[in-house]
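Take a look at the structure set out below.
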Amino acid sequence: MIITAITQQKNNKDRYSVFIDDNFAFGLIMQDIVYFKLKQGEEISQEKYNFIQNELIYIQAQDIALHYIAYKMRTEQEVRKKLFEKEYTEYIIERVIHFLIEYHYIDDMKYCKSYIKQRLQYNPKGVYILKMELKQRGIKQSIIDKAIENSDIDELNDAIKLLQKKCLYLDDIDEKNKKRLFAFLQRRGYSYDIIKEAFAYVTKNE
């Protein structure tokens with residue numbers, strides 16, 4: 001195996017990409033390149049390659065992932081993206097993800113449940129928007145559907161509360177503003193039927 005190039009990474013100026021036989025192998029800081037005596041045009045032994053790839057690089061990627069999730073819950077896809085941005089290979093990323101899942105450092109179902117709970121408590125939105133936001137975070141549809149199914153979502157009650165916050169008496173506002181309220185609830189992810197029920201309830205009980 002021949003080291004064909006050692007180039008500075010674009011996203012991280014402190015790290016250098018090492019190419020072996022014209023293929024990206026791993027990224028290292030200059031201290032490690034000097035320590036392992038890696039030089040362009042020279043051969044690298046299989047033993048040295050395996051140690052760097054399976055021990056050094058893997059531990060570095062693992063540390064980055066653990067630091068990334070230490071202060072905030074992350075989805076599997078978010079961690080993958082973070083490691084990809086750091087220019088780790090797919091092989092290393094898969095190993096790190098497997099470790100994180102195995103030891104429950106990342107759990108997309110747990111993430112969904114926590115996300116839904118916080119949304120309903122501080123910023124209620126309809127099921128449609130909740131599903132869309134979770135999907136944008138790379139969570140599988142089957143996990144999202146199960147989390148939604150097992151949550152205590154009451155769309156009608158939430159829509160009523162939002163509507164009551166926006167106005168005291170629906171009878172006192174004109175048709176134009178009623179349409180604005182309707183559009184507001186639509187943007188929140190509530191269905192046409194839920195919004196009509198919310199309007200009917202508020203009108204009846206005001």
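Chain lettering (A, B, ...) mirrors the order of the structure tokens, residue numbering begins at 1 for each chain separately, and ligand numbering begins at 1 in order of display.
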Residues at most 10 Å from Asn11 of chain A, counting only C-alpha atoms, excluding those fewer than 2 positions away in the same chain, as an MDAnalysis selection string?
chainID A and resid 8:9 13:15 85:87
Taking only segment 131-187 of chain A into account, list the residues labelled alpha helix (DSSP H) by DSSP (computed from the backbone), as a ChimeraX atom specification.
/A:131-136,141-149,155-166,175-187
Those residues with C-alpha atoms, as a short mmCIF file (atom, residue, chain, number, x, y, z; two decimals), in the first residue's frame please?
```cif
data_model
loop_
_atom_site.label_atom_id
_atom_site.label_comp_id
_atom_site.auth_asym_id
_atom_site.auth_seq_id
_atom_site.Cartn_x
_atom_site.Cartn_y
_atom_site.Cartn_z
CA LYS A 131 -44.12 14.12 11.89
CA MET A 132 -42.53 16.46 9.38
CA GLU A 133 -40.10 17.94 11.94
CA LEU A 134 -39.03 14.51 13.18
CA LYS A 135 -38.60 13.23 9.64
CA GLN A 136 -36.35 16.21 8.87
CA GLN A 141 -41.14 6.83 9.55
CA SER A 142 -41.98 3.63 11.44
CA ILE A 143 -40.37 5.01 14.62
CA ILE A 144 -42.14 8.35 14.23
CA ASP A 145 -45.53 6.69 13.74
CA LYS A 146 -45.08 4.48 16.81
CA ALA A 147 -43.97 7.43 18.96
CA ILE A 148 -46.97 9.51 17.83
CA GLU A 149 -49.32 6.60 18.49
CA GLU A 155 -55.02 17.96 18.81
CA LEU A 156 -58.49 19.41 19.39
CA ASN A 157 -57.72 20.58 22.91
CA ASP A 158 -54.39 22.10 21.80
CA ALA A 159 -56.03 23.85 18.84
CA ILE A 160 -58.74 25.26 21.12
CA LYS A 161 -56.15 26.63 23.56
CA LEU A 162 -54.17 28.26 20.76
CA LEU A 163 -57.34 29.79 19.35
CA GLN A 164 -58.39 31.13 22.75
CA LYS A 165 -54.97 32.73 23.22
CA LYS A 166 -55.37 34.58 19.92
CA GLU A 175 -64.24 37.34 8.40
CA LYS A 176 -60.77 38.43 7.27
CA ASN A 177 -59.29 37.92 10.73
CA LYS A 178 -61.11 34.61 11.13
CA LYS A 179 -59.37 33.43 7.98
CA ARG A 180 -56.05 34.54 9.44
CA LEU A 181 -56.73 32.50 12.59
CA PHE A 182 -57.69 29.53 10.43
CA ALA A 183 -54.43 29.87 8.46
CA PHE A 184 -52.48 30.21 11.72
CA LEU A 185 -53.78 26.84 12.94
CA GLN A 186 -53.12 25.27 9.53
CA ARG A 187 -49.49 26.37 9.73
#
```
Please measure the separation of atom CA of Gln53 of chain A and atom CA of Phe26 of chain A, giving the value in Å to one decimal.
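Between atom CA of Gln53 of chain A and atom CA of Phe26 of chain A the gap is 7.1 Å.
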Given the choices A:Tyr192, A:Gly41, A:Ile97, A:Asp108, which gets closest to Leu66 of chain A if the distance is worked out from only C-alpha atoms?
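Counting only C-alpha atoms, the residue closest to Leu66 of chain A is A:Ile97.
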Excluding same-chain residues fewer than 6 positions from Thr4 of chain A, what lies within 7 Å of it counting only C-alpha atoms, as a list in words?
Phe19, Ile20, Asp21, Asp22, Gln40 and Gly41 of chain A
Residues within 9 Å of segment 88-94 of chain A, please, as a CSV table (one decimal) with N, CA and C atoms, in the first residue's frame. Count only C-alpha atoms; anything in the same chain fewer than 6 positions from it doesn't count.
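The new file selection19.csv reads:
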```csv
chain,number,residue,atom,x,y,z
A,24,PHE,N,-9.1,7.8,-0.3
A,24,PHE,CA,-9.1,8.4,1.0
A,24,PHE,C,-9.1,7.3,2.1
A,25,ALA,N,-8.1,7.3,3.0
A,25,ALA,CA,-8.0,6.3,4.0
A,25,ALA,C,-8.4,6.8,5.4
A,26,PHE,N,-7.9,8.0,5.8
A,26,PHE,CA,-8.3,8.5,7.1
A,26,PHE,C,-7.7,9.9,7.3
A,27,GLY,N,-8.2,10.6,8.3
A,27,GLY,CA,-7.7,12.0,8.6
A,27,GLY,C,-7.0,12.0,9.9
A,53,GLN,N,-6.4,2.8,11.6
A,53,GLN,CA,-7.8,2.7,11.3
A,53,GLN,C,-8.7,2.2,12.4
A,54,ASN,N,-8.3,1.1,13.0
A,54,ASN,CA,-9.2,0.4,13.9
A,54,ASN,C,-9.0,0.9,15.4
A,57,ILE,N,-8.2,6.1,14.8
A,57,ILE,CA,-9.2,6.8,14.2
A,57,ILE,C,-10.6,6.6,14.8
A,58,TYR,N,-10.8,5.3,15.1
A,58,TYR,CA,-12.1,4.9,15.7
A,58,TYR,C,-12.3,5.6,17.1
A,61,ALA,N,-13.1,9.3,16.5
A,61,ALA,CA,-14.5,9.5,16.1
A,61,ALA,C,-15.5,9.3,17.2
A,62,GLN,N,-15.2,8.3,18.0
A,62,GLN,CA,-16.1,8.0,19.1
A,62,GLN,C,-16.1,9.2,20.1
A,79,VAL,N,-25.9,12.5,14.3
A,79,VAL,CA,-24.5,12.0,14.6
A,79,VAL,C,-23.8,11.6,13.4
A,80,ARG,N,-24.5,10.9,12.5
A,80,ARG,CA,-23.9,10.5,11.2
A,80,ARG,C,-23.4,11.7,10.4
```
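Distance annotation: of A:Ala65, A:Lys113, A:Thr7, A:Lys82, the residue with the minimal separation from His98 of chain A is A:Ala65; atom set is only C-alpha atoms.
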